[in-house]
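S.K.: To be precise about what I am sending: the file is called data32.txt and holds compact mmCIF, C-alpha atoms and all ligand atoms.
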# COMPACT_ATOMS: atom_id res chain seq x y z
CA MET U 1 -34.53 -54.88 -24.47
CA ASP U 2 -36.79 -54.18 -21.48
CA GLU U 3 -37.79 -57.39 -19.84
CA PRO U 4 -41.54 -57.90 -19.80
CA VAL U 5 -43.04 -58.03 -16.34
CA THR U 6 -45.72 -60.46 -15.37
CA SER U 7 -48.25 -59.94 -12.66
CA VAL U 8 -48.91 -63.68 -12.29
CA PRO U 9 -45.80 -65.41 -10.96
CA ASP U 10 -47.31 -68.89 -10.59
CA LEU U 11 -49.24 -69.53 -13.77
CA ALA U 12 -49.59 -73.25 -13.01
CA ALA U 13 -51.82 -72.44 -10.03
CA GLN U 14 -53.97 -70.22 -12.27
CA ALA U 15 -54.29 -72.73 -15.10
CA THR U 16 -57.48 -74.37 -13.89
CA HIS U 17 -59.20 -73.78 -17.23
CA LEU U 18 -56.39 -75.22 -19.31
CA SER U 19 -56.84 -78.82 -20.43
CA PRO U 20 -54.98 -81.39 -18.35
CA VAL U 21 -54.55 -83.53 -21.48
CA LEU U 22 -51.42 -81.82 -22.69
CA GLY U 23 -48.33 -83.44 -21.14
CA ARG U 24 -45.78 -80.98 -19.74
CA TYR U 25 -42.15 -81.59 -18.86
CA PHE U 26 -42.19 -78.81 -16.26
CA GLU U 27 -44.73 -77.07 -14.07
CA ARG U 28 -42.70 -73.85 -14.29
CA SER U 29 -44.20 -70.55 -15.40
CA TRP U 30 -42.48 -68.75 -18.27
CA SER U 31 -42.33 -65.05 -18.82
CA HIS U 32 -40.15 -64.38 -21.87
CA GLY U 33 -37.23 -65.54 -23.94
CA ILE U 34 -34.13 -63.68 -25.07
CA GLY U 35 -31.62 -65.42 -27.31
CA HIS U 36 -30.83 -68.83 -25.89
CA ARG U 37 -32.33 -68.12 -22.46
CA LEU U 38 -35.87 -68.65 -21.31
CA TYR U 39 -36.92 -66.62 -18.26
CA ASP U 40 -39.38 -67.75 -15.64
CA THR U 41 -41.86 -65.43 -13.99
CA ALA U 42 -39.49 -64.90 -11.08
CA GLY U 43 -36.94 -63.49 -13.54
CA ARG U 44 -34.55 -66.44 -13.49
CA GLY U 45 -32.88 -67.33 -16.79
CA TYR U 46 -32.44 -70.91 -18.05
CA LEU U 47 -30.14 -72.03 -20.85
CA ASP U 48 -32.77 -73.30 -23.26
CA PHE U 49 -31.62 -76.50 -24.94
CA ALA U 50 -35.22 -77.71 -25.30
CA ASN U 51 -36.49 -74.99 -27.64
CA GLY U 52 -40.14 -75.96 -27.39
CA ILE U 53 -38.99 -79.38 -28.69
CA ALA U 54 -36.71 -78.31 -31.54
CA VAL U 55 -38.84 -75.37 -32.65
CA THR U 56 -36.97 -72.17 -31.75
CA ALA U 57 -33.83 -73.28 -33.52
CA LEU U 58 -32.56 -69.69 -33.66
CA GLY U 59 -33.43 -69.04 -30.03
CA HIS U 60 -35.94 -66.54 -28.68
CA ALA U 61 -36.75 -63.06 -29.97
CA HIS U 62 -34.26 -63.45 -32.79
CA PRO U 63 -33.87 -59.88 -34.09
CA ARG U 64 -34.14 -60.79 -37.78
CA VAL U 65 -37.12 -63.09 -37.31
CA THR U 66 -38.92 -60.71 -34.97
CA ALA U 67 -38.42 -57.78 -37.35
CA ALA U 68 -39.80 -59.84 -40.25
CA ILE U 69 -42.85 -60.80 -38.17
CA HIS U 70 -43.52 -57.18 -37.17
CA ALA U 71 -43.16 -55.89 -40.72
CA GLN U 72 -45.45 -58.54 -42.17
CA ALA U 73 -48.02 -58.13 -39.36
CA ASP U 74 -48.30 -54.46 -40.32
CA ARG U 75 -48.75 -55.34 -43.98
CA LEU U 76 -50.93 -58.48 -44.22
CA ILE U 77 -51.76 -61.11 -41.63
CA GLY U 78 -54.74 -62.93 -43.08
CA PRO U 79 -54.22 -66.18 -44.88
CA THR U 80 -54.37 -65.81 -48.64
CA GLY U 81 -53.91 -69.42 -49.71
CA ALA U 82 -57.39 -69.97 -51.10
CA ILE U 83 -57.82 -66.58 -52.73
CA GLY U 84 -54.52 -66.01 -54.45
CA TYR U 85 -50.87 -65.32 -53.71
CA ALA U 86 -48.93 -63.31 -51.15
CA GLU U 87 -45.28 -62.47 -51.60
CA PRO U 88 -43.77 -64.10 -48.49
CA VAL U 89 -45.57 -67.34 -49.28
CA VAL U 90 -44.30 -67.51 -52.84
CA THR U 91 -40.80 -66.46 -51.78
CA LEU U 92 -40.54 -68.98 -48.95
CA ALA U 93 -41.70 -71.79 -51.25
CA ARG U 94 -38.89 -70.89 -53.67
CA MET U 95 -36.28 -70.58 -50.91
CA LEU U 96 -37.34 -73.83 -49.26
CA ALA U 97 -37.27 -75.67 -52.59
CA GLN U 98 -33.73 -74.36 -53.12
CA THR U 99 -32.58 -76.04 -49.91
CA LEU U 100 -33.83 -79.41 -51.18
CA PRO U 101 -32.08 -81.64 -53.70
CA ASP U 102 -33.35 -82.08 -57.25
CA PRO U 103 -35.92 -83.00 -58.35
CA ILE U 104 -37.78 -81.69 -55.26
CA ASP U 105 -39.05 -78.26 -56.28
CA THR U 106 -42.65 -77.85 -55.10
CA VAL U 107 -43.97 -76.97 -51.66
CA MET U 108 -47.40 -77.14 -50.07
CA PHE U 109 -47.71 -75.19 -46.81
CA LEU U 110 -49.73 -76.45 -43.85
CA ASN U 111 -49.63 -75.62 -40.13
CA SER U 112 -48.13 -78.42 -38.06
CA GLY U 113 -45.99 -81.50 -38.34
CA SER U 114 -48.99 -83.79 -37.94
CA GLU U 115 -50.77 -82.06 -40.80
CA ALA U 116 -47.71 -82.42 -43.00
CA ILE U 117 -47.64 -86.16 -42.29
CA ASP U 118 -51.37 -86.53 -42.93
CA GLY U 119 -51.00 -84.64 -46.20
CA ALA U 120 -48.03 -86.75 -47.23
CA LEU U 121 -49.98 -89.96 -46.61
CA LYS U 122 -52.97 -88.67 -48.57
CA LEU U 123 -50.74 -87.61 -51.45
CA ALA U 124 -49.07 -91.03 -51.53
CA ARG U 125 -52.34 -92.93 -51.58
CA ARG U 126 -54.01 -90.72 -54.17
CA VAL U 127 -51.02 -90.58 -56.53
CA THR U 128 -50.10 -94.27 -56.41
CA GLY U 129 -53.67 -95.59 -56.16
CA ARG U 130 -52.34 -98.01 -53.53
CA PRO U 131 -53.59 -98.41 -49.95
CA GLY U 132 -50.55 -99.63 -48.01
CA ILE U 133 -48.32 -97.52 -45.77
CA VAL U 134 -45.24 -98.89 -44.05
CA ALA U 135 -43.95 -97.12 -40.97
CA PHE U 136 -41.41 -98.08 -38.31
CA ARG U 137 -41.76 -99.25 -34.75
CA GLY U 138 -40.95 -96.54 -32.26
CA GLY U 139 -41.74 -93.79 -34.75
CA PHE U 140 -43.54 -90.60 -33.78
CA HIS U 141 -45.32 -88.64 -36.49
CA GLY U 142 -47.96 -86.61 -34.63
CA ARG U 143 -51.41 -86.49 -33.12
CA THR U 144 -53.99 -86.19 -35.89
CA PHE U 145 -55.72 -89.46 -36.82
CA GLY U 146 -53.51 -90.13 -39.82
CA ALA U 147 -50.32 -89.28 -37.95
CA THR U 148 -51.48 -91.24 -34.89
CA SER U 149 -52.05 -94.26 -37.13
CA VAL U 150 -48.37 -94.36 -38.10
CA THR U 151 -47.07 -93.57 -34.59
CA THR U 152 -45.84 -96.35 -32.29
CA SER U 153 -43.43 -94.63 -29.91
CA ASN U 154 -45.80 -95.18 -27.00
CA ILE U 155 -49.09 -97.05 -26.66
CA ASN U 156 -50.66 -94.07 -24.89
CA TYR U 157 -50.66 -92.23 -28.22
CA ARG U 158 -52.90 -94.94 -29.76
CA THR U 159 -54.98 -96.36 -26.92
CA GLY U 160 -58.70 -95.83 -27.22
CA TYR U 161 -58.49 -94.37 -30.73
CA GLU U 162 -58.89 -97.61 -32.64
CA PRO U 163 -59.77 -98.38 -35.31
CA LEU U 164 -56.96 -96.26 -36.67
CA LEU U 165 -56.23 -95.84 -40.37
CA PRO U 166 -56.36 -99.23 -42.09
CA GLY U 167 -53.57 -100.38 -44.39
CA VAL U 168 -50.71 -99.37 -42.07
CA TYR U 169 -47.94 -101.93 -41.47
CA PHE U 170 -45.03 -101.63 -39.07
CA SER U 171 -41.51 -102.93 -39.46
CA PRO U 172 -38.68 -102.73 -36.91
CA PHE U 173 -36.51 -99.62 -36.85
CA PRO U 174 -32.76 -100.33 -36.93
CA GLY U 175 -32.00 -98.73 -33.55
CA ALA U 176 -28.52 -100.14 -33.17
CA TYR U 177 -27.87 -99.46 -29.48
CA ARG U 178 -30.88 -101.01 -27.82
CA THR U 179 -31.58 -103.98 -30.08
CA PHE U 180 -28.37 -104.81 -31.91
CA GLY U 181 -25.60 -104.22 -29.36
CA GLY U 182 -24.49 -101.09 -31.22
CA ASP U 183 -23.88 -103.02 -34.46
CA GLU U 184 -25.25 -100.79 -37.23
CA ASP U 185 -24.49 -103.28 -40.00
CA ARG U 186 -26.44 -106.01 -38.29
CA ALA U 187 -29.28 -103.59 -37.50
CA THR U 188 -29.44 -102.63 -41.16
CA THR U 189 -29.31 -106.15 -42.58
CA GLU U 190 -31.80 -107.57 -40.08
CA CYS U 191 -34.32 -104.76 -40.42
CA LEU U 192 -34.17 -104.74 -44.22
CA ARG U 193 -34.65 -108.52 -44.18
CA ILE U 194 -37.74 -108.22 -41.95
CA LEU U 195 -39.17 -105.50 -44.22
CA GLU U 196 -38.62 -107.68 -47.27
CA SER U 197 -40.30 -110.57 -45.48
CA LEU U 198 -43.27 -108.25 -44.73
CA PHE U 199 -43.53 -107.77 -48.49
CA GLU U 200 -43.37 -111.54 -49.05
CA THR U 201 -45.89 -112.53 -46.43
CA VAL U 202 -48.15 -109.68 -45.32
CA ILE U 203 -48.60 -107.05 -48.04
CA ALA U 204 -47.36 -107.14 -51.61
CA PRO U 205 -45.06 -104.20 -52.37
CA SER U 206 -47.25 -103.45 -55.38
CA SER U 207 -49.98 -102.51 -52.88
CA VAL U 208 -47.75 -100.18 -50.87
CA ALA U 209 -48.10 -96.45 -51.50
CA ALA U 210 -45.39 -95.20 -49.15
CA ILE U 211 -42.65 -96.02 -46.69
CA LEU U 212 -42.44 -93.37 -43.97
CA ILE U 213 -39.38 -92.85 -41.78
CA GLU U 214 -37.70 -90.33 -39.49
CA PRO U 215 -33.99 -90.23 -40.44
CA VAL U 216 -33.35 -89.98 -36.71
CA GLN U 217 -36.24 -91.16 -34.54
CA GLY U 218 -37.08 -88.28 -32.23
CA GLU U 219 -39.73 -88.98 -29.63
CA GLY U 220 -38.85 -92.70 -29.90
CA GLY U 221 -35.42 -92.13 -28.33
CA TYR U 222 -33.06 -90.19 -30.63
CA ASN U 223 -32.17 -93.27 -32.65
CA PRO U 224 -30.37 -92.55 -35.91
CA ALA U 225 -31.23 -94.77 -38.89
CA PRO U 226 -27.96 -96.10 -40.34
CA ALA U 227 -27.18 -94.57 -43.75
CA ALA U 228 -27.15 -98.04 -45.33
CA PHE U 229 -30.69 -98.65 -44.07
CA LEU U 230 -32.01 -95.46 -45.66
CA GLN U 231 -30.19 -96.41 -48.87
CA GLY U 232 -31.82 -99.85 -48.69
CA LEU U 233 -35.25 -98.24 -48.32
CA ARG U 234 -34.58 -96.00 -51.30
CA ALA U 235 -33.64 -99.06 -53.39
CA LEU U 236 -36.76 -100.98 -52.30
CA CYS U 237 -38.97 -97.98 -53.11
CA ASP U 238 -37.37 -97.63 -56.56
CA GLU U 239 -37.79 -101.33 -57.25
CA HIS U 240 -41.48 -101.37 -56.35
CA GLY U 241 -42.72 -97.89 -57.28
CA ILE U 242 -43.23 -96.96 -53.61
CA LEU U 243 -42.92 -93.33 -52.46
CA LEU U 244 -40.34 -92.70 -49.74
CA ILE U 245 -41.50 -90.13 -47.17
CA ALA U 246 -38.85 -88.52 -44.94
CA ASP U 247 -40.34 -87.09 -41.77
CA GLU U 248 -37.91 -84.20 -41.28
CA VAL U 249 -40.15 -82.43 -38.78
CA GLN U 250 -37.53 -82.73 -36.03
CA THR U 251 -34.38 -83.60 -38.04
CA GLY U 252 -34.68 -80.81 -40.62
CA TYR U 253 -33.26 -77.30 -40.79
CA GLY U 254 -29.68 -78.03 -39.83
CA ARG U 255 -30.53 -79.95 -36.69
CA THR U 256 -28.30 -82.90 -37.63
CA GLY U 257 -25.43 -80.81 -39.00
CA ARG U 258 -26.86 -81.04 -42.52
CA MET U 259 -29.86 -79.12 -43.77
CA TRP U 260 -31.82 -82.39 -43.98
CA GLY U 261 -31.31 -85.61 -42.05
CA PHE U 262 -31.61 -87.76 -45.19
CA GLU U 263 -28.52 -86.05 -46.64
CA HIS U 264 -26.33 -88.14 -44.32
CA ALA U 265 -27.36 -91.17 -46.39
CA GLY U 266 -26.95 -89.46 -49.77
CA ILE U 267 -30.51 -90.30 -50.77
CA VAL U 268 -33.38 -88.20 -52.07
CA PRO U 269 -36.85 -89.01 -50.71
CA ASP U 270 -39.98 -88.52 -52.80
CA ILE U 271 -41.80 -86.54 -50.11
CA VAL U 272 -40.30 -84.44 -47.32
CA ALA U 273 -42.40 -83.36 -44.33
CA VAL U 274 -41.13 -80.16 -42.69
CA ALA U 275 -42.31 -78.27 -39.57
CA LYS U 276 -40.94 -77.17 -36.15
CA ALA U 277 -37.88 -74.99 -36.94
CA ILE U 278 -39.29 -73.73 -40.26
CA ALA U 279 -40.65 -70.47 -38.77
CA ASN U 280 -38.76 -70.43 -35.43
CA GLY U 281 -41.93 -70.71 -33.35
CA LEU U 282 -44.83 -69.63 -35.54
CA PRO U 283 -47.09 -72.45 -36.72
CA LEU U 284 -46.07 -73.51 -40.21
CA SER U 285 -45.30 -76.78 -41.95
CA ALA U 286 -44.74 -78.01 -45.46
CA ILE U 287 -44.79 -81.00 -47.75
CA ALA U 288 -42.14 -80.83 -50.45
CA THR U 289 -42.00 -83.08 -53.53
CA ARG U 290 -41.18 -82.98 -57.21
CA ARG U 291 -43.80 -80.96 -59.08
CA GLU U 292 -45.19 -83.89 -61.03
CA LEU U 293 -46.37 -85.61 -57.84
CA GLN U 294 -48.38 -82.61 -56.65
CA GLU U 295 -49.79 -82.11 -60.14
CA ARG U 296 -50.99 -85.70 -60.12
CA TRP U 297 -52.31 -85.24 -56.58
CA GLY U 298 -54.72 -82.79 -58.23
CA ARG U 299 -56.24 -79.40 -57.64
CA SER U 300 -58.21 -79.25 -54.37
CA ALA U 301 -57.27 -82.84 -53.48
CA HIS U 302 -55.98 -81.28 -50.25
CA GLY U 303 -56.09 -77.84 -48.70
CA SER U 304 -55.83 -75.68 -45.60
CA THR U 305 -57.34 -72.40 -44.44
CA TYR U 306 -54.29 -71.23 -42.50
CA GLY U 307 -51.47 -73.14 -44.20
CA GLY U 308 -48.91 -70.69 -45.55
CA ASN U 309 -49.93 -67.78 -43.37
CA PRO U 310 -48.00 -64.71 -44.65
CA VAL U 311 -46.64 -63.81 -41.20
CA ALA U 312 -45.37 -67.34 -40.55
CA CYS U 313 -43.86 -67.39 -44.05
CA ALA U 314 -42.13 -64.03 -43.45
CA ALA U 315 -40.60 -65.56 -40.31
CA GLY U 316 -39.64 -68.59 -42.41
CA ILE U 317 -37.80 -66.39 -44.91
CA ALA U 318 -35.87 -64.72 -42.08
CA VAL U 319 -34.94 -68.17 -40.72
CA LEU U 320 -33.50 -69.35 -44.05
CA GLU U 321 -31.72 -66.02 -44.61
CA THR U 322 -30.14 -66.29 -41.17
CA ILE U 323 -29.06 -69.89 -41.69
CA ALA U 324 -27.36 -68.90 -44.95
CA ALA U 325 -25.89 -65.59 -43.73
CA GLU U 326 -24.39 -67.12 -40.59
CA ASP U 327 -23.40 -70.46 -42.13
CA LEU U 328 -25.36 -72.18 -39.40
CA ILE U 329 -25.41 -75.68 -40.86
CA ALA U 330 -21.63 -75.95 -40.66
CA SER U 331 -21.74 -74.30 -37.26
CA ALA U 332 -24.32 -76.83 -36.00
CA ALA U 333 -22.04 -79.66 -37.12
CA ARG U 334 -19.07 -78.14 -35.25
CA ARG U 335 -21.01 -77.39 -32.07
CA GLY U 336 -22.53 -80.86 -32.28
CA ALA U 337 -19.07 -82.42 -32.31
CA GLU U 338 -18.17 -80.39 -29.19
CA LEU U 339 -21.36 -81.46 -27.45
CA THR U 340 -20.83 -85.13 -28.33
CA ALA U 341 -17.23 -84.95 -27.07
CA GLY U 342 -18.31 -83.31 -23.79
CA LEU U 343 -21.09 -85.80 -23.19
CA GLY U 344 -18.66 -88.59 -24.09
CA ARG U 345 -16.39 -87.36 -21.28
CA LEU U 346 -19.30 -87.54 -18.84
CA LYS U 347 -20.05 -91.06 -20.08
CA ALA U 348 -16.47 -92.11 -19.40
CA GLU U 349 -16.94 -91.04 -15.76
CA ASP U 350 -20.43 -92.39 -15.17
CA ASP U 351 -21.55 -95.97 -15.68
CA ARG U 352 -25.18 -94.87 -15.75
CA ILE U 353 -24.73 -93.35 -19.20
CA GLY U 354 -25.19 -96.25 -21.61
CA ASP U 355 -24.94 -94.39 -24.89
CA VAL U 356 -24.31 -90.97 -26.39
CA ARG U 357 -25.54 -90.84 -29.97
CA GLY U 358 -26.87 -88.78 -32.81
CA PRO U 359 -25.69 -86.48 -35.55
CA GLY U 360 -25.09 -82.74 -35.21
CA LEU U 361 -27.16 -81.07 -32.52
CA MET U 362 -29.68 -83.91 -32.13
CA ILE U 363 -28.02 -85.93 -29.41
CA GLY U 364 -29.50 -88.55 -27.12
CA VAL U 365 -27.93 -89.60 -23.82
CA GLU U 366 -29.39 -92.95 -22.82
CA LEU U 367 -29.48 -93.68 -19.09
CA VAL U 368 -29.18 -97.28 -17.88
CA ARG U 369 -29.13 -99.02 -14.51
CA ASP U 370 -25.65 -100.17 -15.42
CA ARG U 371 -23.83 -100.76 -18.63
CA ALA U 372 -23.60 -104.53 -18.17
CA THR U 373 -27.36 -105.06 -18.32
CA GLY U 374 -28.18 -101.95 -20.36
CA GLU U 375 -31.54 -101.87 -18.61
CA PRO U 376 -33.15 -98.49 -19.39
CA ASP U 377 -33.46 -96.11 -16.44
CA GLY U 378 -36.34 -93.73 -17.14
CA ASN U 379 -36.54 -92.62 -13.53
CA LEU U 380 -32.96 -91.44 -13.59
CA ALA U 381 -33.40 -89.57 -16.89
CA THR U 382 -36.55 -87.90 -15.54
CA ALA U 383 -34.75 -86.93 -12.33
CA LEU U 384 -31.82 -85.56 -14.34
CA VAL U 385 -34.09 -83.41 -16.50
CA ALA U 386 -35.66 -81.98 -13.32
CA ARG U 387 -32.28 -81.47 -11.63
CA ALA U 388 -30.77 -79.82 -14.70
CA ALA U 389 -33.70 -77.36 -14.74
CA GLU U 390 -33.10 -76.57 -11.06
CA LEU U 391 -29.50 -75.82 -12.00
CA GLY U 392 -30.56 -73.60 -14.91
CA LEU U 393 -30.48 -75.89 -17.98
CA LEU U 394 -33.54 -77.00 -19.94
CA VAL U 395 -33.20 -80.40 -21.61
CA LEU U 396 -35.95 -82.93 -22.30
CA SER U 397 -36.33 -86.68 -22.29
CA CYS U 398 -37.60 -89.12 -24.92
CA GLY U 399 -37.78 -92.88 -25.52
CA LEU U 400 -40.35 -95.47 -24.48
CA SER U 401 -39.56 -95.19 -20.77
CA HIS U 402 -38.23 -91.62 -21.05
CA GLN U 403 -34.77 -93.07 -20.55
CA VAL U 404 -33.03 -90.78 -23.05
CA VAL U 405 -32.09 -87.19 -22.25
CA ARG U 406 -32.31 -85.35 -25.55
CA TRP U 407 -30.16 -82.40 -26.43
CA ILE U 408 -31.65 -79.98 -28.97
CA PRO U 409 -29.76 -76.71 -28.54
CA PRO U 410 -30.44 -73.84 -30.92
CA ILE U 411 -28.50 -74.35 -34.15
CA ASP U 412 -26.71 -71.02 -33.57
CA VAL U 413 -25.56 -72.09 -30.11
CA THR U 414 -22.06 -70.92 -29.10
CA SER U 415 -19.13 -73.02 -27.86
CA ALA U 416 -19.39 -71.25 -24.50
CA GLU U 417 -23.04 -72.26 -24.16
CA ILE U 418 -22.22 -75.85 -25.09
CA SER U 419 -19.57 -75.87 -22.32
CA GLU U 420 -22.05 -74.33 -19.88
CA GLY U 421 -24.67 -76.97 -20.73
CA ILE U 422 -22.20 -79.83 -20.28
CA GLU U 423 -20.99 -78.33 -17.00
CA ILE U 424 -24.53 -78.07 -15.61
CA PHE U 425 -25.44 -81.57 -16.79
CA GLY U 426 -22.28 -82.93 -15.16
CA GLU U 427 -23.33 -81.27 -11.92
CA ALA U 428 -26.84 -82.73 -12.30
CA LEU U 429 -25.30 -86.20 -12.72
CA ARG U 430 -23.11 -85.77 -9.66
CA THR U 431 -26.05 -84.66 -7.52
CA THR U 432 -28.74 -87.09 -8.73
C1 LIG C 501 -40.74 -86.42 -36.18
C2 LIG C 501 -42.03 -85.71 -35.89
N1 LIG C 501 -43.03 -85.78 -36.76
C3 LIG C 501 -44.20 -85.14 -36.54
C4 LIG C 501 -44.41 -84.44 -35.38
C5 LIG C 501 -45.74 -83.75 -35.14
O1 LIG C 501 -45.59 -82.38 -35.24
P1 LIG C 501 -46.68 -81.39 -34.59
O2 LIG C 501 -46.59 -81.54 -33.12
O3 LIG C 501 -46.25 -80.04 -35.09
O4 LIG C 501 -48.00 -81.79 -35.14
C6 LIG C 501 -43.40 -84.34 -34.43
C7 LIG C 501 -43.61 -83.60 -33.17
O5 LIG C 501 -42.92 -83.73 -32.20
C8 LIG C 501 -42.17 -85.00 -34.69
O6 LIG C 501 -41.17 -84.96 -33.80
Go through the file and emit its structure as structure tokens.

M.R.:
Amino acid sequence: MDEPVTSVPDLAAQATHLSPVLGRYFERSWSHGIGHRLYDTAGRGYLDFANGIAVTALGHAHPRVTAAIHAQADRLIGPTGAIGYAEPVVTLARMLAQTLPDPIDTVMFLNSGSEAIDGALKLARRVTGRPGIVAFRGGFHGRTFGATSVTTSNINYRTGYEPLLPGVYFSPFPGAYRTFGGDEDRATTECLRILESLFETVIAPSSVAAILIEPVQGEGGYNPAPAAFLQGLRALCDEHGILLIADEVQTGYGRTGRMWGFEHAGIVPDIVAVAKAIANGLPLSAIATRRELQERWGRSAHGSTYGGNPVACAAGIAVLETIAAEDLIASAARRGAELTAGLGRLKAEDDRIGDVRGPGLMIGVELVRDRATGEPDGNLATALVARAAELGLLVLSCGLSHQVVRWIPPIDVTSAEISEGIEIFGEALRTT
């Protein structure tokens, strides 16, 4: 492929009309992406383990996805949701439903993760007739008002927007490393106990419409929820007629070495929110549930002009076909094990790495001042992200003080690329 040329090498200097509100990890200027490399406007390639924050899970300019986009763009671009049916939309709904466990069989398409969360919350309230929503401390669910109301990963996401949605209650997330000395059993028992006490003292479970959780907290610091905790939530929801919403926006699509993050706990949520990797970069999201729930939600109870755009859905079909054809879920699990092992070796050599955690290819490396105190070191993580980029590797940070370097390689990453990433990160550690 001919590499596109750009006449504007330093786009940052030209961006005076772009809003300063959007936070950026880098001030670099990007030209194009090929496979697992992103190229800057000077023509330098970077191993892209950031993927627009877990979006381009099949890398850049994936031939199958790009061909599907081109073909559909020639045929029909305009959204058809409100006026009827278009083939890629119907087909993707069927294919997506097939990736989900019974009885989940019905999909509503929207455009972004935040919209999927807002829709899920509206569905839960309307269908149950209950006002309450329980979410977890440190969770990130998006930027719209509904999603902001259930987000607590950083106060900056909420400040100045109050009053947010009423009826939202927060319970602690069982992040084992930071709060429970790595003891998952204690994290599970304690956090379930606090949730039950919320039901005894603050809001009756009969008034709760939904419990919303990320199977692995993303923005909040790549904290996996122990399987037993998710099972406990499922049991509580069953006992009290509460709908369990899994926010799979970041954990879905093979990211954790399973198609869905909740599969690690062997549970089935009532509502699954999907976005990011679903169309490998085009805006698309979905809410998936059993049919009966969306029938009870009711015709025109929710809607979207652009949701289920045919071009995005055509890309989505190509993504699922590629995952199946290349057995990418199993591959992500294998590459994830290699990445965890490599990062574990770096941890053994460097006292500033407090923890390496996470399933599959969703791995957090938590930086600390030293292991004895476990005090988070956001400055170090930020410096490492910058240094790794200088050395040609794109990784991002997350966590309250940005103390966690998050690894989100494409799910079709190769062993050689995993080794290259570890090598560069090791060099970044040695020189930071
Ligand atoms: C777990 C989770 N939920 C929801 C969202 C919001 O998605 P979007 O930015 O597409 O609105 C994100 C985005 O990072 C996310 O990580």

S.K.: Interatomic distance between atom CA of U:Arg178 and atom CA of U:Met259?

M.R.: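 Distance reported for this atom pair: 27.1 Å.
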
S.K.: Within 7 Å of U:Pro9, counting only C-alpha atoms, which residues show up once you throw out same-chain ones fewer than 6 positions away? Write them as an MDAnalysis selection string, please.

M.R.: chainID U and resid 29 41:42

S.K.: Using 6 Å as the limit and counting only C-alpha atoms and all ligand atoms, can you tabulate each residue of chain U that touches ligand LIG 501 (chain C), with its shortest atom-to-atom distance in Å and the two atoms involved, as a Markdown table?

M.R.:
| residue | atom | partner | partner_atom | distance |
| --- | --- | --- | --- | --- |
| U:Ser112 | CA | C:LIG501 | O3 | 3.9 |
| U:Gly113 | CA | C:LIG501 | O1 | 3.2 |
| U:Ser114 | CA | C:LIG501 | O4 | 3.6 |
| U:Phe140 | CA | C:LIG501 | C2 | 5.5 |
| U:His141 | CA | C:LIG501 | N1 | 3.7 |
| U:Gly142 | CA | C:LIG501 | C5 | 3.7 |
| U:Glu214 | CA | C:LIG501 | C1 | 6.0 |
| U:Gly218 | CA | C:LIG501 | O6 | 5.5 |
| U:Glu219 | CA | C:LIG501 | O6 | 6.0 |
| U:Asp247 | CA | C:LIG501 | C1 | 5.6 |
| U:Val249 | CA | C:LIG501 | C2 | 4.8 |
| U:Gln250 | CA | C:LIG501 | O6 | 4.8 |

S.K.: Pick the closest to U:Ile53 from U:His70, U:Arg24, U:Arg37, U:Arg291: which is it, counting all atoms listed in the file?

M.R.: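 Ranking U:His70, U:Arg24, U:Arg37, U:Arg291 by distance to U:Ile53, first place goes to U:Arg24.
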
S.K.: For each of U:Ile317, U:Leu400, U:Ile323, U:Leu393, take the minimum atom-to-atom distance to U:Glu420, counting all atoms listed in the file, then give the residue where this is smallest.

M.R.: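 Of U:Ile317, U:Leu400, U:Ile323, U:Leu393, the one nearest U:Glu420, counting all atoms listed in the file, is U:Leu393.
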
S.K.: Got a sec: who's within 12 Å of U:Ala204, counting only C-alpha atoms, leaving out chain neighbours fewer than 6 positions off, as a PyMOL selection string?

M.R.: chain U and resi 130-134+167+169+195-198+240-242
